[in-house]
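Q: To start, I am sharing the structure in question, which I have written as C-alpha cells.
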Amino acid sequence: METSYPVFTPEMKKTHKILIPNMAPVQFRILAAAMEREGYNVELLGNCGSHVAEQGLKYVHNDTCYPALLVIGQFLDALESGRYDLEHTALIITQTGGGCRASNYIFLLRKALERAGLGHIPVLSLNFSGLEKGNSLPMTMRFVRMLLAAVYYGDLLVALRAQTEPYERRAGDAEALQSRWLDTVCAEIRQGRGFSQHEMKRVMPRIAEEFAAIPAERTPKVKVGVVGEIYVKYSPLGNNDLEKFLASQDCEVNLPGLMGFIQYSAYNLSETARLYGGTFFEKHISDWVLAFIGQMEHVIIAALRDNGYHAPLPFRELTTLTEGIIGMGDKMGEGWLLTAEMVELIRAGYENIVCAQPFGCLPNHIAGKGMINKIRELYPDANITPIDYDPGATRVNQENRIKLMLAVARERLALRQTAK
C-alpha cells in the first residue's frame, strides 16, 4: 500500500510558515529573503545545543548520517517548542539527487514526524534534480537567479569577514560590517532588486572595498582551511562552532564557498554521461549550466583580488587539481571536489586543514580522509587533520585534536618568520 504524504498546496503560501534548517547561516539568510520575495512566509531556525541532537536521537537511529539526525532534531525541537501553530507550519529540506544518503533525508524526516504525531505537517523539497515533483518549490528563472545571488553574496561576505576579522585593530568591525551588508542585501532581494548581473557587478566591489577599508594590522597568522561533508563543513550546529573555535585560537579561516558545491553538482551531470555513455545533450548540458551559473564568478573573484584578498580559483581550474590523485568519477557526496578543495587550499597557503566529516560518512572517508596520504606525498607541507562529528564524539576531544594540528602549524610559522 502506498503511503500518501501531505502536500504543500499553492494556497498554503498565504497560511503556512515554512521553517528552514540552518546549514550555512549567511547564505541561507539571503536564501530566506529570496523565498519571502516569492511570497512565502519563512523562518530560518536558530535553535542549537546538545538538546537538538538528543531530540534527533529520539526519532533517528544513531547509525544514520549525523547531519540527518541534527536537521531532524532541529525541526522537531522547534515544532515542540510551542512557538508555532502546528496546523499552519511546513518544513523545507534540500536534496542533492545524488547517491549519498542526503537525498533520503526527506523520507527520514517524514517518518520522524509521523512517530512524533506530526505527520500532517507538509515537507517541501528544494532541489534542481526533479525530485518530489508534487512537493517541491516551483523553480522560475527569476527565483533561480535569486537563489544563485544568495549563494554568491553569502560566499563573498563570509570570505571577506574571515580574511579581515583576525587582523582588525578594533574588535567587532568586520562582524558589524558583515551584519550591515547582510541586512542591506536581504532588504534589496525582498524588494526584487540586487540579483541581476548588472546590480551584482556594481554592489560586490563596493562590499569588498568597505571591508578593505577597515583598519587592520596584517601580522602573520596561522591560516586554516576547512573542508568536509557539506552540512558539517558549514553548520555551527554540526561542527560545534568550528569557525569560532579557530578564531579563538588566533587563526585566519578559509571556508571554501557554497557555490563550489553547486557548480560541482552541475558539472557531474555531464561527467556521468561522459563516463558511462549518453546523448550529446547530456554530455554538454553541464557546459551550459556552468556558463549560466558562472556569469558572476569572475566578478566575485575580481572583487576579492582587487582589494587585496585571497580569491578562489575559477571552477574550471579547480577541476584540474585532482589529476593524479582521484578520478572525476568519484562523485558521491562531496567526491572529487573535497580533494580538489584541499589541494587548492594548500597551494594558496592554507596548508593547515581541518577535514570535518560525520562519523561513518563513506564518501568523505574516501575522498577526504582517504586522500590525505596521497596529498602529503605531493605537498609535504600539508598539515591535515580529519575530525569526526557524531552524537557520541566529545567537543573536548575534537578541539584537542585540532590544537595538536595548530601546534605544528605555529612551529612552522615561527620557523618561516625566523628564516626571514
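As shown in the C-alpha cells, the chain order sets the letters A, B, ...; within each chain, residues go from 1, and ligands are also counted from 1 in the order they appear.
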What's around Asp63 (chain A) at 10 Å? Count only C-alpha atoms, leave out sequence neighbours fewer than 2 positions away in its own chain, and write the answer as a VMD selection string.
A: chain A and resid 57 60 to 61 65 to 66 69 359 to 360 390 to 391
Q: Suppose we keep C-alpha atoms; can you now write the selection as a PDB file, in the first residue's frame?
A:
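File produced: out.pdb:
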ATOM      1  CA  LEU A  57      18.168  10.608  18.589  1.00  0.00           C
ATOM      2  CA  VAL A  60      16.500   8.738  14.111  1.00  0.00           C
ATOM      3  CA  HIS A  61      18.753   5.710  14.608  1.00  0.00           C
ATOM      4  CA  CYS A  65      24.028  10.138   8.954  1.00  0.00           C
ATOM      5  CA  TYR A  66      24.785  12.731  11.654  1.00  0.00           C
ATOM      6  CA  LEU A  69      19.962  13.478  12.834  1.00  0.00           C
ATOM      7  CA  PHE A 359      31.432   9.563  11.535  1.00  0.00           C
ATOM      8  CA  GLY A 360      30.866   6.747   9.057  1.00  0.00           C
ATOM      9  CA  ASP A 390      28.907  12.264  15.846  1.00  0.00           C
ATOM     10  CA  PRO A 391      26.439  12.233  18.796  1.00  0.00           C
TER      11      PRO A 391
END
Q: Could you give me the residues within region 189-374 of chain A that DSSP places in alpha helix (DSSP H), as an mmCIF file with C-alpha atoms, in the first residue's frame?
A:
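Output below, filename part.cif:
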data_model
loop_
_atom_site.group_PDB
_atom_site.id
_atom_site.type_symbol
_atom_site.label_atom_id
_atom_site.label_comp_id
_atom_site.auth_asym_id
_atom_site.auth_seq_id
_atom_site.Cartn_x
_atom_site.Cartn_y
_atom_site.Cartn_z
ATOM 1 C CA ILE A 189 16.257 40.911 -2.501
ATOM 2 C CA ARG A 190 12.897 41.266 -0.725
ATOM 3 C CA GLN A 197 24.168 40.580 -13.200
ATOM 4 C CA HIS A 198 24.380 44.359 -13.629
ATOM 5 C CA GLU A 199 23.436 45.050 -9.997
ATOM 6 C CA MET A 200 25.807 42.446 -8.583
ATOM 7 C CA LYS A 201 28.681 43.854 -10.667
ATOM 8 C CA ARG A 202 28.008 47.217 -9.068
ATOM 9 C CA VAL A 203 27.489 46.050 -5.467
ATOM 10 C CA MET A 204 30.131 43.343 -4.959
ATOM 11 C CA PRO A 205 33.169 45.615 -5.473
ATOM 12 C CA ARG A 206 31.614 48.136 -3.042
ATOM 13 C CA ILE A 207 31.270 45.447 -0.384
ATOM 14 C CA ALA A 208 34.902 44.360 -0.807
ATOM 15 C CA GLU A 209 36.143 47.964 -0.765
ATOM 16 C CA GLU A 210 34.412 48.653 2.542
ATOM 17 C CA PHE A 211 35.941 45.565 4.155
ATOM 18 C CA ALA A 212 39.383 46.536 2.809
ATOM 19 C CA ILE A 230 28.666 19.941 3.236
ATOM 20 C CA TYR A 231 26.490 20.183 6.368
ATOM 21 C CA VAL A 232 29.235 19.602 8.928
ATOM 22 C CA LYS A 233 31.538 21.913 6.968
ATOM 23 C CA TYR A 234 29.211 24.924 7.156
ATOM 24 C CA LEU A 242 34.373 25.243 14.488
ATOM 25 C CA GLU A 243 34.932 28.677 12.954
ATOM 26 C CA LYS A 244 34.537 30.411 16.326
ATOM 27 C CA PHE A 245 36.914 27.936 17.932
ATOM 28 C CA LEU A 246 39.569 28.520 15.270
ATOM 29 C CA ALA A 247 39.089 32.282 15.650
ATOM 30 C CA SER A 248 39.646 31.902 19.404
ATOM 31 C CA MET A 259 28.840 27.921 -4.855
ATOM 32 C CA GLY A 260 31.636 25.424 -5.486
ATOM 33 C CA PHE A 261 29.365 22.572 -4.439
ATOM 34 C CA ILE A 262 26.582 23.833 -6.708
ATOM 35 C CA GLN A 263 29.000 24.021 -9.657
ATOM 36 C CA TYR A 264 30.329 20.553 -8.775
ATOM 37 C CA SER A 265 26.798 19.145 -8.796
ATOM 38 C CA ALA A 266 26.124 20.759 -12.191
ATOM 39 C CA TYR A 267 29.441 19.514 -13.618
ATOM 40 C CA ASN A 268 28.651 15.943 -12.598
ATOM 41 C CA LEU A 269 25.512 15.888 -14.761
ATOM 42 C CA SER A 270 27.663 15.639 -17.884
ATOM 43 C CA GLU A 271 30.527 13.751 -16.262
ATOM 44 C CA THR A 272 28.175 10.821 -15.724
ATOM 45 C CA ALA A 273 27.264 10.827 -19.419
ATOM 46 C CA ARG A 274 30.906 11.129 -20.465
ATOM 47 C CA LEU A 275 31.941 8.199 -18.271
ATOM 48 C CA TYR A 276 29.037 5.830 -18.846
ATOM 49 C CA PHE A 280 25.330 14.796 -26.994
ATOM 50 C CA PHE A 281 22.947 16.964 -24.971
ATOM 51 C CA GLU A 282 23.634 15.007 -21.764
ATOM 52 C CA LYS A 283 27.388 15.224 -22.316
ATOM 53 C CA HIS A 284 27.317 19.004 -22.752
ATOM 54 C CA ILE A 285 24.427 20.247 -20.610
ATOM 55 C CA SER A 286 26.868 20.989 -17.792
ATOM 56 C CA ASP A 287 28.771 23.412 -20.019
ATOM 57 C CA TRP A 288 25.637 25.500 -20.496
ATOM 58 C CA VAL A 289 24.567 25.265 -16.867
ATOM 59 C CA LEU A 290 28.033 26.205 -15.611
ATOM 60 C CA ALA A 291 28.228 29.101 -18.058
ATOM 61 C CA PHE A 292 24.955 30.402 -16.647
ATOM 62 C CA ILE A 293 25.993 29.880 -13.009
ATOM 63 C CA GLU A 297 32.159 34.062 -10.827
ATOM 64 C CA HIS A 298 34.683 36.448 -12.364
ATOM 65 C CA VAL A 299 33.010 39.366 -10.549
ATOM 66 C CA ILE A 300 33.399 37.879 -7.057
ATOM 67 C CA ILE A 301 36.976 36.788 -7.858
ATOM 68 C CA ALA A 302 37.887 40.272 -9.113
ATOM 69 C CA ALA A 303 36.194 41.973 -6.156
ATOM 70 C CA LEU A 304 38.367 39.950 -3.765
ATOM 71 C CA ARG A 305 41.659 40.174 -5.669
ATOM 72 C CA PHE A 315 35.727 26.348 -11.072
ATOM 73 C CA ARG A 316 37.192 25.236 -14.408
ATOM 74 C CA GLU A 317 40.690 25.434 -12.920
ATOM 75 C CA LEU A 318 39.532 23.624 -9.787
ATOM 76 C CA GLY A 335 33.520 13.338 -4.019
ATOM 77 C CA TRP A 336 36.435 14.729 -6.001
ATOM 78 C CA LEU A 337 35.515 18.297 -5.011
ATOM 79 C CA LEU A 338 36.653 17.618 -1.440
ATOM 80 C CA THR A 339 40.070 16.503 -2.652
ATOM 81 C CA ALA A 340 40.314 19.451 -5.060
ATOM 82 C CA GLU A 341 39.472 21.942 -2.305
ATOM 83 C CA MET A 342 42.249 20.557 -0.094
ATOM 84 C CA VAL A 343 44.776 20.899 -2.918
ATOM 85 C CA GLU A 344 43.579 24.431 -3.739
ATOM 86 C CA LEU A 345 43.876 25.494 -0.090
ATOM 87 C CA ILE A 346 47.394 24.082 0.249
ATOM 88 C CA ARG A 347 48.574 25.820 -2.922
ATOM 89 C CA LEU A 362 31.668 6.734 3.338
ATOM 90 C CA PRO A 363 32.138 9.345 0.552
ATOM 91 C CA ASN A 364 34.134 11.582 2.875
ATOM 92 C CA HIS A 365 36.214 8.768 4.315
ATOM 93 C CA ILE A 366 37.290 8.014 0.731
ATOM 94 C CA ALA A 367 37.549 11.464 -0.864
ATOM 95 C CA ILE A 372 45.385 12.659 2.944
ATOM 96 C CA ASN A 373 48.446 10.431 2.483
ATOM 97 C CA LYS A 374 48.453 10.920 -1.294
#
Q: Gly73 (chain A): which residues within 9 Å, counting only C-alpha atoms, same-chain residues fewer than 4 positions away excluded, as a VMD selection string?
A: chain A and resid 51 to 60 68 to 69 77 to 78
Q: Contacts of Val144 (chain A) at 12 Å or less, counting only C-alpha atoms, minus same-chain residues fewer than 3 places along, as a list of chain:residue names?
A: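 With the cut-off at 12 Å, the set is A:Leu31, A:Ala34, A:Met35, A:Glu38, A:Leu126, A:Asn127, A:Phe128, A:Leu137, A:Pro138, A:Met139, A:Thr140, A:Met141, A:Leu147, A:Leu148, A:Ala149, A:Ala150, A:Val151, A:Phe195, A:Ser196, A:Val289, A:Phe292, A:Ile293.
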Q: Which residue is closest to Leu86 (chain A)? Choose from A:Thr15, A:Asn400, A:Glu165, A:Leu177 and count only C-alpha atoms.
A: A:Thr15
Q: Need the shell around region 352-357 of chain A: protein/DNA/RNA residues with any atom at most 7 Å away, counting only C-alpha atoms. Skip same-chain ones fewer than 2 positions apart. Format as an NGL selection string?
A: :A and (223-229 or 232-233 or 350 or 359 or 361 or 364 or 368 or 382-389 or 409)
Q: Using DSSP on the backbone coordinates, identify all residues within region 130-233 of chain A classified as strand (DSSP E); present the result as a short mmCIF file (atom, residue, chain, number, x, y, z; two decimals) with C-alpha atoms, in the first residue's frame.
A:
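After the write, part.cif holds the following:
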data_model
loop_
_atom_site.label_atom_id
_atom_site.label_comp_id
_atom_site.auth_asym_id
_atom_site.auth_seq_id
_atom_site.Cartn_x
_atom_site.Cartn_y
_atom_site.Cartn_z
CA VAL A 222 48.24 30.57 11.18
CA LYS A 223 45.99 30.01 8.16
CA VAL A 224 43.49 27.16 8.39
CA GLY A 225 41.24 25.75 5.68
CA VAL A 226 38.04 23.89 6.47
CA VAL A 227 36.69 21.22 4.14
CA GLY A 228 34.38 18.25 4.51
#
Q: Near Ile18 (chain A), within 9 Å and counting only C-alpha atoms, which residues show up once chain neighbours fewer than 3 positions away are dropped, as a list in words?
A: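 Once the adjacent positions are removed, what remains is Lys13, Tyr40, Asn41, Val42, Glu43, Leu44, His88, Thr89, Ala90, Leu91, Ile92, Val123 and Leu124 of chain A.
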